[in-house]
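**Student:** Contents of final-v4.tsv (TSV, C-alpha atoms):
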```
chain	number	residue	atom	x	y	z
A	7	MET	CA	152.09	93.60	46.20
A	8	PRO	CA	149.08	95.32	47.78
A	9	SER	CA	148.12	94.10	51.19
A	10	MET	CA	144.81	92.33	51.63
A	11	THR	CA	142.59	92.61	54.68
A	12	ILE	CA	140.67	89.49	55.43
A	13	PRO	CA	137.56	90.26	57.45
A	14	SER	CA	137.52	88.46	60.74
A	15	LYS	CA	134.80	85.93	61.19
A	16	ARG	CA	132.52	86.33	64.16
A	17	PRO	CA	132.83	83.44	66.59
A	18	ASN	CA	130.00	80.94	66.63
A	19	LEU	CA	127.49	81.51	69.39
A	20	PRO	CA	125.29	78.96	71.12
A	21	PRO	CA	121.59	78.89	70.13
A	22	LEU	CA	119.87	82.07	71.29
A	23	ASN	CA	116.92	80.14	72.72
A	24	GLY	CA	119.25	78.16	75.00
A	25	LEU	CA	120.79	81.39	76.31
A	26	ARG	CA	117.30	82.82	76.86
A	27	VAL	CA	116.23	79.78	78.85
A	28	PHE	CA	119.44	79.82	80.92
A	29	GLU	CA	118.97	83.52	81.72
A	30	ALA	CA	115.39	82.91	82.89
A	31	VAL	CA	116.42	80.00	85.14
A	32	ALA	CA	119.34	81.98	86.56
A	33	ARG	CA	117.16	85.01	87.28
A	34	LEU	CA	114.14	83.14	88.68
A	35	GLY	CA	116.02	80.39	90.50
A	36	SER	CA	114.19	77.33	89.19
A	37	PHE	CA	113.33	75.40	86.05
A	38	VAL	CA	109.61	75.50	86.94
A	39	ALA	CA	109.50	79.29	87.33
A	40	ALA	CA	111.42	79.75	84.09
A	41	ALA	CA	109.06	77.38	82.28
A	42	ASP	CA	106.08	79.34	83.56
A	43	GLU	CA	107.54	82.65	82.37
A	44	LEU	CA	108.51	81.26	78.95
A	45	CYS	CA	105.23	79.33	78.51
A	46	VAL	CA	106.96	75.99	78.00
A	47	THR	CA	107.21	72.82	80.09
A	48	PRO	CA	109.92	72.27	82.75
A	49	ALA	CA	111.09	69.32	80.63
A	50	ALA	CA	111.66	71.67	77.69
A	51	VAL	CA	113.66	74.00	79.94
A	52	SER	CA	115.77	71.08	81.15
A	53	GLN	CA	116.45	70.02	77.55
A	54	GLN	CA	117.56	73.50	76.55
A	55	ILE	CA	119.91	73.75	79.55
A	56	LYS	CA	121.46	70.35	78.80
A	57	ALA	CA	121.96	71.34	75.15
A	58	LEU	CA	123.62	74.61	76.16
A	59	GLU	CA	125.90	72.88	78.66
A	60	ALA	CA	126.83	70.32	75.97
A	61	TRP	CA	127.64	73.13	73.52
A	62	LEU	CA	129.81	74.86	76.12
A	63	GLY	CA	131.40	71.65	77.35
A	64	MET	CA	130.75	72.61	80.97
A	65	GLY	CA	128.01	72.66	83.56
A	66	LEU	CA	126.22	75.84	84.60
A	67	PHE	CA	124.24	74.55	87.58
A	68	ASP	CA	124.73	72.39	90.62
A	69	ARG	CA	121.92	69.83	90.84
A	70	HIS	CA	120.62	68.78	94.25
A	71	ALA	CA	117.49	67.35	95.82
A	72	GLN	CA	115.95	70.77	96.41
A	73	GLY	CA	116.41	71.90	92.79
A	74	VAL	CA	119.28	73.67	91.05
A	75	SER	CA	121.65	76.50	91.88
A	76	LEU	CA	124.13	78.37	89.73
A	77	ASN	CA	127.73	77.24	89.91
A	78	ASP	CA	130.64	79.68	89.55
A	79	ALA	CA	130.56	79.54	85.76
A	80	GLY	CA	126.81	80.16	85.64
A	81	ARG	CA	127.02	83.06	88.07
A	82	SER	CA	129.77	84.71	86.02
A	83	ALA	CA	127.51	84.92	82.95
A	84	ALA	CA	124.02	85.44	84.43
A	85	ALA	CA	124.11	89.20	85.05
A	86	ASP	CA	125.60	89.99	81.63
A	87	LEU	CA	122.97	87.89	79.87
A	88	THR	CA	120.14	89.53	81.82
A	89	GLN	CA	121.44	92.93	80.76
A	90	ALA	CA	121.81	91.75	77.15
A	91	PHE	CA	118.24	90.44	76.92
A	92	ASP	CA	116.91	93.61	78.55
A	93	ILE	CA	118.75	95.67	75.90
A	94	MET	CA	117.37	93.46	73.12
A	95	GLY	CA	113.87	93.76	74.50
A	96	GLY	CA	114.20	97.53	74.75
A	97	ALA	CA	115.38	97.70	71.15
A	98	VAL	CA	112.33	95.74	69.96
A	99	VAL	CA	110.01	98.03	71.93
A	100	GLY	CA	111.74	101.01	70.34
A	101	LEU	CA	111.13	99.60	66.86
A	102	LEU	CA	107.46	98.97	67.64
A	103	ARG	CA	107.04	102.53	68.82
A	104	LYS	CA	108.63	103.92	65.67
A	105	ALA	CA	106.33	101.75	63.57
A	106	SER	CA	103.18	102.75	65.52
A	107	PRO	CA	103.90	105.90	67.56
A	108	LEU	CA	100.27	106.34	68.65
A	109	THR	CA	99.71	102.72	69.65
A	110	ILE	CA	99.91	102.16	73.40
A	111	ARG	CA	100.20	98.57	74.57
A	112	ILE	CA	98.80	97.82	78.03
A	113	ALA	CA	99.05	94.55	79.95
A	114	ALA	CA	96.48	94.08	82.70
A	115	LEU	CA	95.07	91.50	85.06
A	116	PRO	CA	91.91	90.12	83.35
A	117	SER	CA	89.54	91.47	86.00
A	118	VAL	CA	91.24	94.87	85.89
A	119	ALA	CA	91.16	94.96	82.08
A	120	HIS	CA	87.47	94.09	81.99
A	121	LEU	CA	86.06	95.96	84.97
A	122	TRP	CA	88.43	98.88	85.61
A	123	LEU	CA	90.31	99.71	82.40
A	124	ALA	CA	87.59	99.15	79.78
A	125	PRO	CA	85.32	101.95	81.12
A	126	ARG	CA	88.29	104.37	80.89
A	127	LEU	CA	89.34	103.66	77.30
A	128	GLY	CA	87.09	106.42	75.98
A	129	ALA	CA	88.75	108.95	78.29
A	130	LEU	CA	92.17	107.80	77.08
A	131	ARG	CA	91.22	108.37	73.45
A	132	ALA	CA	89.78	111.77	74.33
A	133	ALA	CA	93.03	112.76	76.05
A	134	VAL	CA	95.16	111.67	73.08
A	135	PRO	CA	93.51	112.15	69.66
A	136	ASP	CA	94.15	109.26	67.20
A	137	LEU	CA	95.38	107.05	70.05
A	138	ARG	CA	95.16	103.31	69.44
A	139	VAL	CA	95.06	101.24	72.63
A	140	SER	CA	96.02	97.56	72.61
A	141	VAL	CA	95.09	95.66	75.79
A	142	THR	CA	96.41	92.21	76.69
A	143	ALA	CA	94.80	90.41	79.63
A	144	ARG	CA	97.19	88.10	81.50
A	145	GLU	CA	97.58	86.70	85.00
A	146	THR	CA	101.16	87.85	85.70
A	147	PRO	CA	102.82	91.26	85.27
A	148	PRO	CA	105.10	91.58	82.23
A	149	ASN	CA	108.80	92.35	82.33
A	150	LEU	CA	108.57	95.88	80.92
A	151	LYS	CA	112.29	95.91	80.15
A	152	ARG	CA	111.93	93.24	77.49
A	153	GLU	CA	108.26	92.62	76.69
A	154	PRO	CA	106.46	94.90	74.19
A	155	PHE	CA	104.22	96.74	76.65
A	156	ASP	CA	104.18	100.42	77.54
A	157	LEU	CA	102.11	100.13	80.72
A	158	SER	CA	100.89	97.43	83.08
A	159	LEU	CA	97.98	97.38	85.53
A	160	PHE	CA	98.15	94.73	88.24
A	161	VAL	CA	97.35	94.22	91.91
A	162	LEU	CA	100.72	94.18	93.67
A	163	ASP	CA	101.74	93.47	97.25
A	164	HIS	CA	103.04	96.60	98.94
A	165	GLY	CA	106.48	95.03	99.23
A	166	ASP	CA	106.67	94.74	95.41
A	167	MET	CA	105.73	98.33	94.53
A	168	ASP	CA	109.17	99.97	94.27
A	169	ASP	CA	108.72	101.11	90.66
A	170	ALA	CA	104.91	101.31	90.63
A	171	LEU	CA	102.33	104.06	91.04
A	172	ALA	CA	99.52	103.12	93.43
A	173	ILE	CA	96.04	103.83	92.07
A	174	ALA	CA	93.84	102.32	94.77
A	175	ARG	CA	94.37	100.21	97.84
A	176	ASP	CA	92.61	96.85	97.71
A	177	GLU	CA	89.69	96.84	100.15
A	178	ILE	CA	87.43	93.81	100.36
A	179	PHE	CA	83.80	93.62	101.54
A	180	PRO	CA	80.73	91.53	100.62
A	181	VAL	CA	78.49	92.71	97.79
A	182	CYS	CA	75.22	91.31	96.52
A	183	ALA	CA	72.05	92.13	94.62
A	184	PRO	CA	69.51	94.40	96.40
A	185	ASP	CA	67.01	91.56	96.99
A	186	ILE	CA	69.62	89.55	98.91
A	187	ALA	CA	70.86	92.62	100.80
A	188	ALA	CA	67.29	93.22	102.06
A	189	ARG	CA	67.47	90.08	104.19
A	190	LEU	CA	70.96	90.72	105.62
A	191	THR	CA	71.27	92.58	108.92
A	192	THR	CA	74.56	91.40	110.42
A	193	PRO	CA	77.55	89.50	108.97
A	194	THR	CA	76.40	86.31	110.67
A	195	ASP	CA	73.36	86.32	108.36
A	196	LEU	CA	75.73	85.29	105.56
A	197	SER	CA	75.71	81.77	107.02
A	198	ALA	CA	72.42	81.16	105.20
A	199	GLU	CA	73.64	82.55	101.86
A	200	THR	CA	75.60	81.18	98.90
A	201	LEU	CA	79.09	82.66	98.95
A	202	LEU	CA	80.70	83.24	95.54
A	203	SER	CA	84.47	83.18	95.09
A	204	ASP	CA	87.14	83.95	92.51
A	205	VAL	CA	89.86	81.33	92.15
A	206	ASN	CA	92.66	83.91	92.07
A	207	TRP	CA	91.52	85.51	95.32
A	208	HIS	CA	90.31	82.34	97.00
A	209	ALA	CA	91.39	83.43	100.51
A	210	ASP	CA	89.31	86.64	100.56
A	211	TRP	CA	86.35	85.17	102.42
A	212	GLU	CA	88.64	83.71	105.10
A	213	THR	CA	90.47	87.04	105.43
A	214	TRP	CA	87.28	89.08	105.77
A	215	ASN	CA	85.64	86.52	108.08
A	216	ALA	CA	88.61	86.61	110.45
A	217	GLY	CA	89.07	90.37	110.21
A	218	VAL	CA	85.51	91.29	111.19
A	219	SER	CA	84.92	88.26	113.48
A	220	ALA	CA	81.87	87.21	111.48
A	221	GLY	CA	82.06	83.62	112.70
A	222	LEU	CA	81.15	82.07	109.35
A	223	ASP	CA	81.70	78.37	108.70
A	224	LEU	CA	83.58	78.34	105.40
A	225	ARG	CA	84.36	74.63	105.27
A	226	THR	CA	81.79	74.12	102.50
A	227	PRO	CA	82.71	76.62	99.78
A	228	GLY	CA	80.24	78.03	97.31
A	229	PRO	CA	80.69	78.33	93.54
A	230	THR	CA	84.18	79.34	92.39
A	231	PHE	CA	84.91	81.19	89.14
A	232	SER	CA	88.13	81.49	87.16
A	233	LEU	CA	87.15	84.99	86.01
A	234	TYR	CA	86.16	87.63	88.54
A	235	GLY	CA	83.90	89.27	85.96
A	236	LEU	CA	81.77	86.10	85.77
A	237	ALA	CA	81.45	85.96	89.55
A	238	LEU	CA	80.43	89.62	89.54
A	239	GLU	CA	77.70	88.97	86.95
A	240	GLU	CA	76.39	86.10	89.07
A	241	ALA	CA	76.27	88.38	92.10
A	242	LYS	CA	74.24	90.90	90.06
A	243	ASN	CA	71.90	88.06	89.07
A	244	SER	CA	71.19	87.19	92.73
A	245	ALA	CA	73.13	83.91	92.58
A	246	GLY	CA	74.90	84.68	95.86
A	247	VAL	CA	77.14	87.07	97.77
A	248	LEU	CA	80.56	87.92	96.35
A	249	MET	CA	83.61	89.29	98.14
A	250	GLY	CA	83.99	92.64	96.41
A	251	HIS	CA	87.20	94.50	95.65
A	252	GLY	CA	86.52	98.21	96.00
A	253	PHE	CA	88.15	99.37	92.77
A	254	LEU	CA	86.36	96.63	90.77
A	255	VAL	CA	82.84	97.02	92.15
A	256	ASN	CA	82.46	100.81	92.36
A	257	GLU	CA	80.51	101.06	89.10
A	258	PRO	CA	77.78	98.46	89.90
A	259	LEU	CA	77.53	99.88	93.44
A	260	GLN	CA	76.97	103.39	92.08
A	261	ARG	CA	74.36	102.12	89.61
A	262	GLY	CA	72.54	100.17	92.31
A	263	ARG	CA	73.08	96.80	90.62
A	264	LEU	CA	74.98	95.71	93.72
A	265	VAL	CA	74.79	96.66	97.39
A	266	ALA	CA	77.38	96.50	100.17
A	267	PRO	CA	75.13	95.32	103.02
A	268	PHE	CA	77.68	95.84	105.81
A	269	ALA	CA	80.02	98.67	106.77
A	270	GLU	CA	82.87	96.31	107.67
A	271	LYS	CA	85.75	96.48	105.18
A	272	ILE	CA	89.25	95.00	105.29
A	273	ALA	CA	92.14	96.95	103.75
A	274	LEU	CA	94.73	94.51	102.37
A	275	ASN	CA	98.48	95.03	102.00
A	276	ARG	CA	98.20	95.32	98.22
A	277	SER	CA	97.05	97.91	95.72
A	278	LEU	CA	96.02	98.32	92.12
A	279	CYS	CA	99.22	99.66	90.58
A	280	LEU	CA	100.38	101.22	87.33
A	281	GLN	CA	103.87	100.44	86.05
A	282	ILE	CA	105.48	102.32	83.16
A	283	GLY	CA	108.00	100.97	80.67
A	284	ASP	CA	110.74	102.90	78.91
A	285	THR	CA	108.89	105.81	77.26
A	286	ARG	CA	111.52	106.15	74.46
A	287	GLY	CA	110.44	109.51	73.11
A	288	GLN	CA	106.76	109.12	73.90
A	289	ASP	CA	106.90	111.01	77.18
A	290	ALA	CA	104.11	113.47	76.34
A	291	VAL	CA	101.70	110.76	75.20
A	292	ILE	CA	102.47	108.46	78.13
A	293	ASN	CA	102.16	111.33	80.63
A	294	ARG	CA	98.67	112.20	79.39
A	295	ILE	CA	97.60	108.56	79.58
A	296	VAL	CA	99.03	108.14	83.07
A	297	ALA	CA	97.23	111.29	84.23
A	298	VAL	CA	93.89	109.84	83.07
A	299	LEU	CA	94.51	106.48	84.74
A	300	LEU	CA	95.69	107.97	88.02
A	301	ALA	CA	92.66	110.25	88.13
A	302	GLY	CA	90.59	107.11	88.53
```
As structure tokens, what does this structure read like?
**Tutor:**
Amino acid sequence: MPSMTIPSKRPNLPPLNGLRVFEAVARLGSFVAAADELCVTPAAVSQQIKALEAWLGMGLFDRHAQGVSLNDAGRSAAADLTQAFDIMGGAVVGLLRKASPLTIRIAALPSVAHLWLAPRLGALRAAVPDLRVSVTARETPPNLKREPFDLSLFVLDHGDMDDALAIARDEIFPVCAPDIAARLTTPTDLSAETLLSDVNWHADWETWNAGVSAGLDLRTPGPTFSLYGLALEEAKNSAGVLMGHGFLVNEPLQRGRLVAPFAEKIALNRSLCLQIGDTRGQDAVINRIVAVLLAG
């Protein structure tokens, strides 16, 4: 009688979403941080973890007043799952690049996308004929190992720049419309002006004030904007004085729409940085794009 081979059945796996949530918590160290990365609530993260632990029949975390920490079982799986999700993410990026080889996907801080990258898109298309550029504005840098982006442009602290190319150091200094600049002689004159702020860089006025010993009383803040581009437009419209970031205000300074009334600048321990994902056969295209961006 001929022998028969019965195909082995793959073992059942827990829900992929539960594994994804566990990996994020294990890597980031908290339910809140994982929820932020995954764009869900901490309660949803907690539910997914409980469901995964129920499926496994064992706990993965030690719960305590300060939060959670991986137990031995959780630690034994965390690194392998991180590697697995990175591989899956890379595979998806590879498929996207095969589907659209001349589409470059860039993630950028909103202010950088609007004020720094947008004026350079024409140069990118000139450097690579038929190039299609997709830009996503977001507040946090992507994980280029698993998210579908080729490049990212963010302001990074110098301690977080291991795999990044620095484009410009972040220097801050006041900027304003020419009519306001005409009545400013010394930094102390700013005490009589409306000071504009961006919510993401809310400490800039305090940093500059302390660094140049301007002696300003900042206890009553001026208007605050959630988008730096809006604050910049208000500064152009003579609504007040804005703390400028050199790489974001060069264009209006050169055109005379804004003026830097004082020579005092503060160089911060952060820079506008370019990070590059896995090029996966697009080395020539990516290299030309990087050359344009690094040229400023």
**Student:** Please, what distance in Å, to one decimal, runs between atom CA of Gly128 of chain A and atom CA of Arg175 of chain A?
**Tutor:** 23.9 Å
**Student:** Can you work out the spacing between atom CA of Asp68 of chain A and atom CA of Val31 of chain A in Å, to one decimal?
**Tutor:** 12.5 Å
**Student:** Let me make sure I understand: among A:Met249, A:Val27, A:Leu280, A:Leu76, which one has the smallest atom-to-atom distance to Thr88 of chain A if we use only C-alpha atoms?
**Tutor:**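 Among the listed residues, A:Val27 lies closest to Thr88 of chain A.
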**Student:** As a PyMOL selection string, please: the residues near Gly165 of chain A (cut-off 9 Å, only C-alpha atoms, same-chain neighbours under 2 positions excluded).
**Tutor:** chain A and resi 162-163+167-168+275-276
**Student:** Can you find the residues with an atom no farther than 7 Å from (102.7, 97.3, 73.5), counting only C-alpha atoms, and report them as a list in words?
**Tutor:** Ile110, Arg111, Ile112, Ser140, Pro154, Phe155 and Asp156 of chain A
**Student:** Rank nothing, just name the residue among A:Asp86, A:Glu29, A:Asp166, A:Asp136 nearest to Cys279 of chain A, using all atoms listed in the file.
**Tutor:**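 Nearest to Cys279 of chain A: A:Asp166.
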**Student:** Please compute the atom CA of Ile295 of chain A-atom CA of Gln260 of chain A distance, one decimal, in Å.
**Tutor:**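 Calculated distance between atom CA of Ile295 of chain A and atom CA of Gln260 of chain A is 24.7 Å.
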**Student:** Residues within 12 Å of (89.4, 100.3, 81.5), file coordinates, counting only C-alpha atoms: what are they? Give the list as a ChimeraX atom specification.
**Tutor:** /A:112-131,139-143,158-159,253-254,257,295,298-300,302
**Student:** Keeping C-alpha atoms, export the residues of the selection given above as a PDB file, in the frame of the given file.
**Tutor:**
```pdb
ATOM      1  CA  ILE A 112      98.800  97.820  78.030  1.00  0.00           C
ATOM      2  CA  ALA A 113      99.050  94.550  79.950  1.00  0.00           C
ATOM      3  CA  ALA A 114      96.480  94.080  82.700  1.00  0.00           C
ATOM      4  CA  LEU A 115      95.070  91.500  85.060  1.00  0.00           C
ATOM      5  CA  PRO A 116      91.910  90.120  83.350  1.00  0.00           C
ATOM      6  CA  SER A 117      89.540  91.470  86.000  1.00  0.00           C
ATOM      7  CA  VAL A 118      91.240  94.870  85.890  1.00  0.00           C
ATOM      8  CA  ALA A 119      91.160  94.960  82.080  1.00  0.00           C
ATOM      9  CA  HIS A 120      87.470  94.090  81.990  1.00  0.00           C
ATOM     10  CA  LEU A 121      86.060  95.960  84.970  1.00  0.00           C
ATOM     11  CA  TRP A 122      88.430  98.880  85.610  1.00  0.00           C
ATOM     12  CA  LEU A 123      90.310  99.710  82.400  1.00  0.00           C
ATOM     13  CA  ALA A 124      87.590  99.150  79.780  1.00  0.00           C
ATOM     14  CA  PRO A 125      85.320 101.950  81.120  1.00  0.00           C
ATOM     15  CA  ARG A 126      88.290 104.370  80.890  1.00  0.00           C
ATOM     16  CA  LEU A 127      89.340 103.660  77.300  1.00  0.00           C
ATOM     17  CA  GLY A 128      87.090 106.420  75.980  1.00  0.00           C
ATOM     18  CA  ALA A 129      88.750 108.950  78.290  1.00  0.00           C
ATOM     19  CA  LEU A 130      92.170 107.800  77.080  1.00  0.00           C
ATOM     20  CA  ARG A 131      91.220 108.370  73.450  1.00  0.00           C
ATOM     21  CA  VAL A 139      95.060 101.240  72.630  1.00  0.00           C
ATOM     22  CA  SER A 140      96.020  97.560  72.610  1.00  0.00           C
ATOM     23  CA  VAL A 141      95.090  95.660  75.790  1.00  0.00           C
ATOM     24  CA  THR A 142      96.410  92.210  76.690  1.00  0.00           C
ATOM     25  CA  ALA A 143      94.800  90.410  79.630  1.00  0.00           C
ATOM     26  CA  SER A 158     100.890  97.430  83.080  1.00  0.00           C
ATOM     27  CA  LEU A 159      97.980  97.380  85.530  1.00  0.00           C
ATOM     28  CA  PHE A 253      88.150  99.370  92.770  1.00  0.00           C
ATOM     29  CA  LEU A 254      86.360  96.630  90.770  1.00  0.00           C
ATOM     30  CA  GLU A 257      80.510 101.060  89.100  1.00  0.00           C
ATOM     31  CA  ILE A 295      97.600 108.560  79.580  1.00  0.00           C
ATOM     32  CA  VAL A 298      93.890 109.840  83.070  1.00  0.00           C
ATOM     33  CA  LEU A 299      94.510 106.480  84.740  1.00  0.00           C
ATOM     34  CA  LEU A 300      95.690 107.970  88.020  1.00  0.00           C
ATOM     35  CA  GLY A 302      90.590 107.110  88.530  1.00  0.00           C
TER      36      GLY A 302
END
```
**Student:** Skip Lys242 of chain A itself and residues of its chain fewer than 2 positions away, then list as a ChimeraX atom specification all residues within 12 Å of it, counting all atoms listed in the file.
**Tutor:** /A:181-187,202,235-240,244-248,250,255,257-259,261-266
